[in-house]
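Asker: Handing over structure-v3.txt, compact mmCIF, C-alpha atoms.
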```
# COMPACT_ATOMS: atom_id res chain seq x y z
CA MET A 1 -22.87 -21.55 -11.97
CA ASN A 2 -23.97 -17.96 -11.39
CA LEU A 3 -22.65 -14.74 -9.83
CA ALA A 4 -24.48 -15.29 -6.54
CA GLU A 5 -22.85 -18.69 -6.03
CA ILE A 6 -19.40 -17.39 -6.91
CA GLU A 7 -19.68 -14.36 -4.61
CA THR A 8 -20.92 -16.58 -1.80
CA PHE A 9 -17.93 -18.88 -2.23
CA LEU A 10 -15.49 -15.95 -2.17
CA MET A 11 -17.10 -14.56 0.96
CA ILE A 12 -16.74 -17.96 2.64
CA VAL A 13 -13.07 -17.93 1.64
CA GLU A 14 -12.71 -14.53 3.32
CA THR A 15 -14.62 -15.26 6.53
CA LYS A 16 -13.87 -19.00 6.89
CA ASN A 17 -17.31 -19.17 8.52
CA ILE A 18 -20.80 -19.95 7.16
CA THR A 19 -22.59 -17.87 9.81
CA LYS A 20 -20.40 -14.81 9.20
CA THR A 21 -20.85 -15.23 5.45
CA ALA A 22 -24.61 -15.23 5.85
CA GLU A 23 -24.44 -12.08 7.98
CA ASN A 24 -22.19 -10.24 5.53
CA LEU A 25 -24.40 -11.12 2.55
CA PHE A 26 -27.67 -10.61 4.46
CA LEU A 27 -28.72 -14.18 3.75
CA SER A 28 -29.93 -17.12 5.81
CA GLN A 29 -27.45 -19.89 6.58
CA PRO A 30 -29.52 -22.46 4.61
CA THR A 31 -29.31 -20.17 1.55
CA VAL A 32 -25.51 -19.96 1.86
CA SER A 33 -25.25 -23.74 2.25
CA HIS A 34 -27.58 -24.30 -0.74
CA ARG A 35 -25.50 -22.00 -2.98
CA LEU A 36 -22.31 -23.77 -1.98
CA LYS A 37 -23.82 -27.21 -2.57
CA SER A 38 -25.14 -26.14 -5.98
CA LEU A 39 -21.71 -24.82 -6.97
CA GLU A 40 -19.97 -28.01 -5.86
CA GLU A 41 -22.46 -30.18 -7.73
CA GLU A 42 -21.94 -28.24 -10.95
CA LEU A 43 -18.15 -28.34 -10.63
CA GLN A 44 -18.29 -31.95 -9.40
CA VAL A 45 -15.64 -31.24 -6.76
CA LYS A 46 -15.63 -30.68 -3.00
CA LEU A 47 -14.59 -27.09 -2.28
CA LEU A 48 -14.86 -26.96 1.52
CA THR A 49 -14.60 -29.23 4.54
CA ARG A 50 -16.11 -28.69 7.99
CA LYS A 51 -14.69 -30.42 11.05
CA LYS A 52 -16.94 -31.37 13.94
CA GLY A 53 -16.53 -29.05 16.90
CA TYR A 54 -14.95 -26.27 14.81
CA LYS A 55 -16.82 -23.19 13.62
CA GLN A 56 -14.32 -22.37 10.89
CA ILE A 57 -14.32 -24.21 7.58
CA GLU A 58 -11.28 -25.27 5.57
CA LEU A 59 -10.70 -25.25 1.84
CA THR A 60 -9.90 -28.47 0.03
CA SER A 61 -7.04 -28.45 -2.47
CA GLN A 62 -9.66 -28.06 -5.23
CA GLY A 63 -11.14 -25.15 -3.27
CA GLU A 64 -7.75 -23.43 -3.13
CA ASP A 65 -7.31 -23.93 -6.87
CA PHE A 66 -10.77 -22.54 -7.56
CA ILE A 67 -10.15 -19.17 -5.80
CA PRO A 68 -8.30 -17.43 -8.69
CA ILE A 69 -10.81 -18.90 -11.16
CA ALA A 70 -13.72 -17.50 -9.15
CA GLU A 71 -12.03 -14.09 -8.87
CA ARG A 72 -11.47 -13.95 -12.62
CA TRP A 73 -15.07 -15.04 -13.21
CA VAL A 74 -16.31 -12.06 -11.15
CA SER A 75 -13.94 -9.70 -12.97
CA VAL A 76 -15.15 -10.85 -16.37
CA TRP A 77 -18.76 -10.43 -15.25
CA GLN A 78 -18.02 -6.85 -14.11
CA GLU A 79 -16.33 -6.09 -17.41
CA MET A 80 -19.36 -7.40 -19.29
CA GLN A 81 -21.62 -5.14 -17.24
CA MET A 82 -19.45 -2.13 -18.07
CA LEU A 83 -19.63 -3.05 -21.76
CA LYS A 84 -23.38 -3.61 -21.55
CA HIS A 85 -23.99 -0.17 -20.05
CA GLY A 86 -21.60 1.58 -22.39
CA GLN A 87 -19.06 2.52 -19.73
CA GLN A 88 -15.79 3.45 -21.41
CA ASN A 89 -13.91 4.96 -18.48
CA LEU A 90 -11.17 2.95 -16.81
CA TYR A 91 -11.28 2.18 -13.09
CA LEU A 92 -8.38 1.58 -10.73
CA THR A 93 -8.04 1.21 -6.96
CA ILE A 94 -4.57 1.59 -5.49
CA GLY A 95 -3.31 1.27 -1.93
CA CYS A 96 -0.34 3.25 -0.56
CA THR A 97 1.20 4.09 2.77
CA ASP A 98 0.49 7.56 4.17
CA THR A 99 3.86 9.08 3.29
CA LEU A 100 3.81 7.63 -0.23
CA ASN A 101 0.42 9.19 -0.93
CA SER A 102 1.34 12.52 0.67
CA ALA A 103 4.85 12.86 -0.76
CA MET A 104 5.91 10.57 -3.60
CA MET A 105 2.55 10.20 -5.35
CA TYR A 106 1.13 13.69 -4.74
CA ASP A 107 2.32 15.42 -7.91
CA LEU A 108 1.40 12.38 -10.04
CA TYR A 109 -2.16 12.48 -8.70
CA ARG A 110 -2.34 16.21 -9.34
CA ASN A 111 -1.06 15.79 -12.91
CA MET A 112 -3.67 13.13 -13.61
CA MET A 113 -6.43 15.36 -12.23
CA ASP A 114 -5.37 18.22 -14.52
CA GLU A 115 -5.34 16.13 -17.70
CA LYS A 116 -7.81 17.28 -20.33
CA GLU A 117 -8.49 13.70 -21.46
CA GLN A 118 -9.57 12.10 -18.19
CA MET A 119 -9.62 8.41 -19.06
CA MET A 120 -9.29 6.88 -15.59
CA ASN A 121 -11.36 6.94 -12.43
CA LEU A 122 -8.83 6.54 -9.63
CA ARG A 123 -9.64 5.41 -6.10
CA ILE A 124 -6.82 5.97 -3.59
CA LYS A 125 -6.67 4.16 -0.25
CA THR A 126 -4.19 4.77 2.58
CA HIS A 127 -3.09 1.87 4.78
CA TYR A 128 -0.06 0.34 6.48
CA SER A 129 2.12 -1.90 4.29
CA SER A 130 0.91 -5.14 5.89
CA GLU A 131 -2.73 -4.13 5.35
CA ILE A 132 -2.10 -3.31 1.69
CA TYR A 133 -0.80 -6.84 1.08
CA GLN A 134 -3.98 -8.28 2.57
CA TYR A 135 -6.27 -5.95 0.59
CA LEU A 136 -4.46 -6.88 -2.62
CA GLU A 137 -4.65 -10.59 -1.76
CA ASN A 138 -8.43 -10.20 -1.42
CA HIS A 139 -8.71 -8.13 -4.62
CA ASP A 140 -10.01 -5.14 -2.66
CA ILE A 141 -7.36 -3.06 -4.46
CA ASP A 142 -5.75 -3.51 -7.87
CA LEU A 143 -2.23 -2.22 -7.20
CA GLY A 144 -0.21 -1.54 -4.07
CA PHE A 145 2.86 0.47 -3.06
CA VAL A 146 4.59 -0.50 0.20
CA HIS A 147 7.90 -0.37 2.10
CA HIS A 148 8.11 -4.00 3.21
CA HIS A 149 8.68 -7.10 1.08
CA LEU A 150 6.35 -9.64 2.65
CA HIS A 151 5.78 -13.13 1.30
CA PHE A 152 2.22 -13.75 0.13
CA LYS A 153 1.34 -16.71 -2.08
CA ASN A 154 -0.47 -14.71 -4.77
CA ILE A 155 1.48 -11.44 -4.71
CA VAL A 156 4.53 -10.33 -6.69
CA ALA A 157 6.70 -7.48 -5.35
CA GLN A 158 9.05 -5.35 -7.44
CA PRO A 159 11.32 -2.58 -6.06
CA ILE A 160 10.80 0.73 -7.87
CA LEU A 161 12.50 3.33 -5.67
CA LYS A 162 15.49 3.50 -3.31
CA GLU A 163 15.58 6.75 -1.34
CA LYS A 164 18.45 8.47 0.47
CA MET A 165 17.72 9.86 3.97
CA TYR A 166 18.23 13.48 5.04
CA ILE A 167 18.07 15.57 8.21
CA ILE A 168 15.32 18.22 8.11
CA GLN A 169 15.41 21.09 10.61
CA SER A 170 12.75 23.70 11.18
CA GLU A 171 13.30 27.25 9.93
CA ASN A 172 16.22 29.09 11.59
CA PRO A 173 17.95 25.88 12.74
CA LEU A 174 20.37 25.56 15.63
CA LEU A 175 22.83 23.79 13.31
CA PRO A 176 22.83 25.47 9.88
CA GLN A 177 25.34 23.00 8.45
CA THR A 178 25.21 21.12 5.15
CA VAL A 179 26.43 17.91 6.85
CA ILE A 180 25.43 16.94 10.41
CA HIS A 181 26.27 13.98 12.62
CA THR A 182 23.22 12.96 14.64
CA ASP A 183 25.29 13.17 17.87
CA GLU A 184 25.34 16.95 17.35
CA LEU A 185 21.54 17.20 17.52
CA ASP A 186 19.27 17.55 20.55
CA LEU A 187 17.44 14.20 20.75
CA SER A 188 14.64 15.76 22.79
CA ARG A 189 13.71 17.84 19.72
CA GLU A 190 13.54 14.96 17.25
CA ILE A 191 10.29 14.03 15.55
CA PHE A 192 10.68 10.33 14.86
CA LEU A 193 8.87 8.34 12.20
CA SER A 194 9.81 4.68 11.67
CA TRP A 195 10.21 4.56 7.91
CA GLU A 196 10.75 0.77 7.82
CA SER A 197 12.26 -1.99 9.96
CA ASP A 198 15.90 -1.64 8.84
CA TYR A 199 15.78 2.10 9.48
CA GLN A 200 14.29 1.45 12.93
CA ILE A 201 17.26 -0.82 13.76
CA TRP A 202 19.77 1.78 12.53
CA HIS A 203 18.06 4.55 14.48
CA ASP A 204 17.97 2.50 17.69
CA GLN A 205 21.65 1.67 17.39
CA TRP A 206 23.20 4.89 16.08
CA VAL A 207 20.86 7.73 17.11
CA THR A 208 18.97 7.01 20.33
CA ARG A 209 21.19 4.07 21.35
CA GLY A 210 18.34 2.07 22.81
CA GLU A 211 16.35 4.98 24.24
CA LYS A 212 12.82 5.62 23.01
CA PRO A 213 12.27 8.80 20.96
CA ARG A 214 10.42 11.55 22.83
CA PHE A 215 8.14 12.42 19.90
CA GLN A 216 7.01 9.63 17.60
CA VAL A 217 4.45 10.10 14.80
CA ASP A 218 3.05 7.91 12.01
CA THR A 219 1.69 10.35 9.42
CA PHE A 220 3.14 12.90 7.01
CA GLU A 221 0.70 15.55 8.25
CA LEU A 222 1.87 15.34 11.86
CA LEU A 223 5.52 15.38 10.83
CA PHE A 224 4.91 18.41 8.63
CA HIS A 225 3.08 20.43 11.28
CA LEU A 226 5.41 19.58 14.16
CA LEU A 227 8.43 20.69 12.12
CA SER A 228 7.02 24.22 12.31
CA GLN A 229 7.97 24.30 16.01
CA GLU A 230 11.26 25.98 16.85
CA ASN A 231 14.41 23.82 16.85
CA MET A 232 12.60 20.61 15.84
CA TRP A 233 14.25 18.15 13.47
CA ALA A 234 13.59 14.82 11.77
CA ILE A 235 15.22 12.29 9.48
CA ALA A 236 13.24 11.59 6.31
CA PRO A 237 13.63 10.08 2.82
CA VAL A 238 14.15 12.38 -0.14
CA THR A 239 10.51 12.32 -1.36
CA VAL A 240 9.24 13.45 2.04
CA MET A 241 12.03 16.01 2.39
CA GLU A 242 11.27 17.56 -1.00
CA ARG A 243 7.53 17.68 -0.37
CA ILE A 244 7.98 19.42 3.00
CA ARG A 245 10.48 21.86 1.49
CA LYS A 246 7.89 22.82 -1.14
CA LEU A 247 5.33 23.59 1.55
CA ARG A 248 7.39 25.53 4.11
CA PRO A 249 10.93 26.86 4.70
CA VAL A 250 13.13 24.17 6.27
CA PHE A 251 16.86 23.54 6.46
CA VAL A 252 18.05 20.29 4.90
CA SER A 253 21.38 18.59 5.67
CA GLU A 254 23.08 15.38 4.70
CA ILE A 255 23.76 12.81 7.43
CA GLY A 256 27.40 12.77 8.52
CA ASN A 257 27.37 9.52 10.49
CA GLU A 258 30.03 7.01 9.49
CA VAL A 259 27.31 4.34 9.31
CA GLN A 260 24.63 5.75 7.05
CA PRO A 261 20.93 4.94 7.50
CA PRO A 262 19.62 2.33 5.05
CA GLU A 263 17.90 3.73 2.00
CA ARG A 264 14.13 3.32 2.05
CA ILE A 265 12.91 0.93 -0.63
CA THR A 266 9.45 1.24 -2.15
CA TYR A 267 7.89 -1.85 -3.72
CA GLU A 268 5.11 -2.05 -6.26
CA ILE A 269 3.00 -5.11 -5.53
CA ARG A 270 0.58 -6.87 -7.89
CA HIS A 271 -1.66 -9.90 -7.69
CA LYS A 272 -0.51 -12.95 -9.66
CA HIS A 273 -4.07 -13.29 -10.95
CA PRO A 274 -5.22 -9.70 -11.58
CA LYS A 275 -8.79 -8.79 -12.32
CA GLU A 276 -9.39 -8.77 -16.05
CA ALA A 277 -11.53 -5.62 -15.81
CA THR A 278 -8.66 -3.50 -14.49
CA LEU A 279 -5.66 -4.86 -16.43
CA LYS A 280 -5.70 -1.95 -18.88
CA SER A 281 -5.95 0.55 -16.01
CA VAL A 282 -3.00 -1.05 -14.20
CA HIS A 283 -0.81 -0.93 -17.31
CA LEU A 284 -1.76 2.70 -18.00
CA PHE A 285 -1.02 3.77 -14.44
CA GLU A 286 2.30 1.92 -14.45
CA GLU A 287 3.37 3.72 -17.62
CA ARG A 288 2.53 7.11 -16.14
CA LEU A 289 4.28 6.25 -12.89
CA LYS A 290 7.40 5.13 -14.78
CA GLU A 291 7.50 8.38 -16.75
CA TYR A 292 6.90 10.41 -13.59
CA LEU A 293 9.60 8.73 -11.49
CA SER A 294 12.18 8.77 -14.28
CA GLN A 295 12.00 12.58 -14.25
CA LYS A 296 12.79 12.75 -10.52
CA ASP A 297 16.16 12.52 -8.79
CA TRP A 298 14.84 10.15 -6.13
CA GLY A 299 16.60 6.86 -6.83
CA TYR A 300 14.22 5.33 -9.36
CA ILE A 301 14.98 1.65 -10.01
CA LYS A 302 14.55 0.98 -13.72
```
Could you express the structure from this file as structure tokens?

Answerer:
Amino acid sequence: MNLAEIETFLMIVETKNITKTAENLFLSQPTVSHRLKSLEEELQVKLLTRKKGYKQIELTSQGEDFIPIAERWVSVWQEMQMLKHGQQNLYLTIGCTDTLNSAMMYDLYRNMMDEKEQMMNLRIKTHYSSEIYQYLENHDIDLGFVHHHLHFKNIVAQPILKEKMYIIQSENPLLPQTVIHTDELDLSREIFLSWESDYQIWHDQWVTRGEKPRFQVDTFELLFHLLSQENMWAIAPVTVMERIRKLRPVFVSEIGNEVQPPERITYEIRHKHPKEATLKSVHLFEERLKEYLSQKDWGYIK
């Protein structure tokens, strides 16, 4: 059993197709089939099955069981290479939604960059929550932070933050009040961002009452820039509100509706079978994140 055979198997798991695997690895199909056969002979188990008339392959039960073993095998090999070449730095790839990276995580990233003893090389990727689950499932990232609790076989989710929602108005607001009912606001001037599914339901029922928002965005940057326009307003969680308030003058109010919007929950997600090479990095990042969030008045879940 060697690295080439293991990587070929994992690519087959990802593509479910021998032809696509060969293309992705720049190999011939006979080479892919030979590597798979050699791996199965050494393990003395059947890993895959191919049905006549179907291009996609299916994993056997033994093949499913072998996936986490193969992933750990690759991780150990990578760790040995780092040891062999004298690499002492830690490596970590994390995936976050756009607003988490731009608001909640921003100061943490900046603090880590300014540290004199730079022990970790950090790779930050921005995706939607559903994409982050898939990237973590495939071990393309080591740690994820999302707003939806989805059920994946090999992923564990833990809530770490529960955020209150606020109304943000642009400078010199029409309603300079500390508490505002959304019925008092001009809906045509709202910048809407769907923070998560429960918030979307609340907003549809209690703010627009079934009507579609006039301005809808999906990034922190757009929300930030559009709030510079006169008389614009938005509803946002506390981390986003505080980040915007640091960057430009805005007027912040509490929501006076009898039915309050649901608090936005952030989940940390981890793979049940993490890569051995990044375990230390994950633990170190988690400790720094815990210390960072415990100092904020954001609704940290201990």

Asker: At most 9 Å is the cut-off: for each residue in region 198-249 of chain A with any atom that close to an atom of region 161-166 of chain A, write down the nearest atom pair and the distance in Å rounded to one decimal, counting all atoms listed in the file, chain first then increasing number, as a tab-separated table.

Answerer:
```
residue	atom	partner	partner_atom	distance
A:Ala234	CA	A:Tyr166	CA	8.3
A:Ile235	CA	A:Tyr166	CA	5.5
A:Ala236	CA	A:Met165	CA	5.3
A:Pro237	CA	A:Met165	CA	4.3
A:Val238	CA	A:Lys164	CA	5.8
A:Thr239	CA	A:Glu163	CA	7.5
A:Met241	CA	A:Tyr166	CA	7.2
```

Asker: Measuring atom to atom with all atoms listed in the file, identify which of A:Leu136, A:Ala157, A:Leu59, A:Ala4 is nearest to Lys46 (chain A).

Answerer: A:Leu59

Asker: Which is closest to Tyr292 (chain A) among A:His271, A:His34, A:Lys16, A:Arg110, if we use all atoms listed in the file?

Answerer: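 Comparing A:His271, A:His34, A:Lys16, A:Arg110 against Tyr292 (chain A), the winner is A:Arg110.
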
Asker: Can you measure CA of Tyr106 (chain A) to CA of Ala277 (chain A) for me? One decimal in Å is fine.

Answerer: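 Value for the CA of Tyr106 (chain A)-CA of Ala277 (chain A) distance: 25.6 Å.
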
Asker: So, counting all atoms listed in the file, which residue among A:Leu100, A:Val32, A:Val207, A:Met105 is closest to Tyr128 (chain A)?

Answerer: A:Leu100

Asker: What's the 12 Å shell around Thr19 (chain A), counting only C-alpha atoms, without same-chain residues fewer than 4 positions away, as a PyMOL selection string?

Answerer: chain A and resi 8+11-12+15+23-33+55-57

Asker: Take the residues just selected and output them with C-alpha atoms as an mmCIF file, keeping the file's coordinate frame.

Answerer:
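Result file follows (part_11.cif):
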```
data_model
loop_
_atom_site.group_PDB
_atom_site.id
_atom_site.type_symbol
_atom_site.label_atom_id
_atom_site.label_comp_id
_atom_site.auth_asym_id
_atom_site.auth_seq_id
_atom_site.Cartn_x
_atom_site.Cartn_y
_atom_site.Cartn_z
ATOM 1 C CA THR A 8 -20.920 -16.580 -1.800
ATOM 2 C CA MET A 11 -17.100 -14.560 0.960
ATOM 3 C CA ILE A 12 -16.740 -17.960 2.640
ATOM 4 C CA THR A 15 -14.620 -15.260 6.530
ATOM 5 C CA GLU A 23 -24.440 -12.080 7.980
ATOM 6 C CA ASN A 24 -22.190 -10.240 5.530
ATOM 7 C CA LEU A 25 -24.400 -11.120 2.550
ATOM 8 C CA PHE A 26 -27.670 -10.610 4.460
ATOM 9 C CA LEU A 27 -28.720 -14.180 3.750
ATOM 10 C CA SER A 28 -29.930 -17.120 5.810
ATOM 11 C CA GLN A 29 -27.450 -19.890 6.580
ATOM 12 C CA PRO A 30 -29.520 -22.460 4.610
ATOM 13 C CA THR A 31 -29.310 -20.170 1.550
ATOM 14 C CA VAL A 32 -25.510 -19.960 1.860
ATOM 15 C CA SER A 33 -25.250 -23.740 2.250
ATOM 16 C CA LYS A 55 -16.820 -23.190 13.620
ATOM 17 C CA GLN A 56 -14.320 -22.370 10.890
ATOM 18 C CA ILE A 57 -14.320 -24.210 7.580
#
```

Asker: Find the residues around Asn101 (chain A) up to 10 Å (all atoms listed in the file counted), leave out those fewer than 2 positions away in its own chain, and share them as a PDB file with C-alpha atoms, in the frame of the given file.

Answerer:
```pdb
ATOM      1  CA  GLY A  95      -3.310   1.270  -1.930  1.00  0.00           C
ATOM      2  CA  CYS A  96      -0.340   3.250  -0.560  1.00  0.00           C
ATOM      3  CA  THR A  97       1.200   4.090   2.770  1.00  0.00           C
ATOM      4  CA  ASP A  98       0.490   7.560   4.170  1.00  0.00           C
ATOM      5  CA  THR A  99       3.860   9.080   3.290  1.00  0.00           C
ATOM      6  CA  ALA A 103       4.850  12.860  -0.760  1.00  0.00           C
ATOM      7  CA  MET A 104       5.910  10.570  -3.600  1.00  0.00           C
ATOM      8  CA  MET A 105       2.550  10.200  -5.350  1.00  0.00           C
ATOM      9  CA  TYR A 106       1.130  13.690  -4.740  1.00  0.00           C
ATOM     10  CA  ASP A 107       2.320  15.420  -7.910  1.00  0.00           C
ATOM     11  CA  LEU A 108       1.400  12.380 -10.040  1.00  0.00           C
ATOM     12  CA  TYR A 109      -2.160  12.480  -8.700  1.00  0.00           C
ATOM     13  CA  ILE A 124      -6.820   5.970  -3.590  1.00  0.00           C
ATOM     14  CA  LYS A 125      -6.670   4.160  -0.250  1.00  0.00           C
ATOM     15  CA  THR A 126      -4.190   4.770   2.580  1.00  0.00           C
ATOM     16  CA  HIS A 127      -3.090   1.870   4.780  1.00  0.00           C
ATOM     17  CA  PHE A 145       2.860   0.470  -3.060  1.00  0.00           C
ATOM     18  CA  PHE A 220       3.140  12.900   7.010  1.00  0.00           C
TER      19      PHE A 220
END
```

Asker: I need every residue sitting at most 12 Å from the point (10.5, 9.1, 21.6) (coordinates as in the file, only C-alpha atoms considered), written as a list in words.

Answerer: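 I get Leu187, Ser188, Arg189, Glu190, Ile191, Phe192, Leu193, Ser194, His203, Asp204, Val207, Thr208, Arg209, Gly210, Glu211, Lys212, Pro213, Arg214, Phe215, Gln216, Val217 and Ala234 of chain A for the residues within 12 Å of that point.
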
Asker: Could you work out an axis-aligned box for region 14-22 of chain A, taking every atom the file lists and adding 6 Å on each side, and report centre and edge lengths in Å to one decimal, as AutoDock Vina command-line options?

Answerer:
```
--center_x -18.7 --center_y -17.2 --center_z 6.6 --size_x 23.9 --size_y 17.4 --size_z 18.5
```

Asker: Between CA of Glu131 (chain A) and CA of Phe66 (chain A), what is the distance in Å, rounded to a tenth?

Answerer: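 Computing it gives 23.9 Å between the two atoms.
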
Asker: Give me, please, the distance in Å between CA of Arg243 (chain A) and CA of Gly144 (chain A), quoted to one decimal.

Answerer: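 That distance, rounded to one decimal, is 21.0 Å.
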
Asker: Name the residues in contact with region 254-262 of chain A at a cut-off of 6 Å, using only C-alpha atoms, excluding same-chain residues fewer than 5 positions from it; report them as an MDAnalysis selection string.

Answerer: chainID A and resid 166 179:181 199

Asker: Which residues, written as a PyMOL selection string, have at least one atom at most 12 Å from Val13 (chain A), with only C-alpha atoms counted and residues fewer than 2 positions away on the same chain left out?

Answerer: chain A and resi 6-11+15-18+20-21+36+47-49+56-60+63-68+70-71+137-138

Asker: Determine the nearest neighbour of Asp142 (chain A) from the options A:Ser129, A:Gln177, A:Thr219, A:Thr278, counting all atoms listed in the file.

Answerer: A:Thr278

Asker: Hey, which of A:Glu42, A:Phe224, A:Leu92, A:Glu14 ends up closest to Leu279 (chain A)? Count all atoms listed in the file.

Answerer: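 Ranking A:Glu42, A:Phe224, A:Leu92, A:Glu14 by distance to Leu279 (chain A), first place goes to A:Leu92.
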
Asker: Would you pick out the contacts of Ser170 (chain A) at 6 Å or less, using only C-alpha atoms, so that residues sharing its chain but fewer than 4 positions from it are not included, and give the list as an mmCIF file with C-alpha atoms, in the frame of the given file?

Answerer:
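Heads up, here's the output in around.cif:
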```cif
data_model
loop_
_atom_site.group_PDB
_atom_site.id
_atom_site.type_symbol
_atom_site.label_atom_id
_atom_site.label_comp_id
_atom_site.auth_asym_id
_atom_site.auth_seq_id
_atom_site.Cartn_x
_atom_site.Cartn_y
_atom_site.Cartn_z
ATOM 1 C CA LEU A 227 8.430 20.690 12.120
ATOM 2 C CA SER A 228 7.020 24.220 12.310
ATOM 3 C CA ASN A 231 14.410 23.820 16.850
ATOM 4 C CA MET A 232 12.600 20.610 15.840
ATOM 5 C CA VAL A 250 13.130 24.170 6.270
#
```

Asker: Please tell me which residues are no farther than 7 Å from (9.8, 30.7, 14.8) in the file, counting all atoms listed in the file, and write them as a list of chain:residue names.

Answerer: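 Taken together, the residues in range are A:Glu171, A:Gln229, A:Glu230.
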
Asker: I need the residue nearest Arg288 (chain A) from this list: A:Ala22, A:Met120, A:Ile244, A:Ile167. Use all atoms listed in the file for the distance.

Answerer: A:Met120

Asker: From the block you just saw, export region 6-12 of chain A: all heavy atoms, as a short mmCIF file (atom, residue, chain, number, x, y, z; two decimals), in the first residue's frame.

Answerer:
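Full text of result-v5.cif as output:
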```cif
data_model
loop_
_atom_site.label_atom_id
_atom_site.label_comp_id
_atom_site.auth_asym_id
_atom_site.auth_seq_id
_atom_site.Cartn_x
_atom_site.Cartn_y
_atom_site.Cartn_z
N ILE A 6 -3.53 5.17 -2.24
CA ILE A 6 -4.47 5.77 -1.29
C ILE A 6 -5.11 7.02 -1.90
O ILE A 6 -6.34 7.23 -1.82
CB ILE A 6 -3.76 6.13 0.02
CG1 ILE A 6 -3.27 4.86 0.73
CG2 ILE A 6 -4.67 6.94 0.92
CD1 ILE A 6 -4.38 4.01 1.27
N GLU A 7 -4.30 7.89 -2.49
CA GLU A 7 -4.83 9.12 -3.08
C GLU A 7 -5.77 8.82 -4.24
O GLU A 7 -6.77 9.52 -4.44
CB GLU A 7 -3.68 10.02 -3.55
CG GLU A 7 -2.91 10.65 -2.40
CD GLU A 7 -1.83 11.60 -2.86
OE1 GLU A 7 -1.26 11.39 -3.96
OE2 GLU A 7 -1.53 12.56 -2.13
N THR A 8 -5.47 7.79 -4.99
CA THR A 8 -6.36 7.38 -6.09
C THR A 8 -7.70 6.92 -5.54
O THR A 8 -8.76 7.28 -6.05
CB THR A 8 -5.71 6.27 -6.92
OG1 THR A 8 -4.45 6.73 -7.45
CG2 THR A 8 -6.62 5.86 -8.07
N PHE A 9 -7.67 6.12 -4.49
CA PHE A 9 -8.91 5.67 -3.86
C PHE A 9 -9.74 6.85 -3.36
O PHE A 9 -10.96 6.91 -3.60
CB PHE A 9 -8.60 4.73 -2.70
CG PHE A 9 -9.78 4.43 -1.82
CD1 PHE A 9 -10.80 3.57 -2.24
CD2 PHE A 9 -9.91 5.04 -0.57
CE1 PHE A 9 -11.90 3.31 -1.43
CE2 PHE A 9 -11.00 4.79 0.24
CZ PHE A 9 -12.00 3.92 -0.20
N LEU A 10 -9.12 7.80 -2.70
CA LEU A 10 -9.85 8.95 -2.16
C LEU A 10 -10.42 9.83 -3.27
O LEU A 10 -11.51 10.40 -3.12
CB LEU A 10 -8.94 9.78 -1.24
CG LEU A 10 -8.56 9.11 0.09
CD1 LEU A 10 -7.56 9.95 0.85
CD2 LEU A 10 -9.80 8.86 0.94
N MET A 11 -9.72 9.91 -4.39
CA MET A 11 -10.25 10.67 -5.52
C MET A 11 -11.46 9.95 -6.13
O MET A 11 -12.44 10.59 -6.55
CB MET A 11 -9.17 10.88 -6.58
CG MET A 11 -9.63 11.71 -7.78
SD MET A 11 -10.24 13.37 -7.33
CE MET A 11 -8.69 14.15 -6.79
N ILE A 12 -11.41 8.63 -6.18
CA ILE A 12 -12.56 7.85 -6.66
C ILE A 12 -13.76 8.07 -5.74
O ILE A 12 -14.90 8.21 -6.19
CB ILE A 12 -12.22 6.36 -6.75
CG1 ILE A 12 -11.17 6.11 -7.84
CG2 ILE A 12 -13.46 5.53 -7.05
CD1 ILE A 12 -10.65 4.68 -7.89
#
```
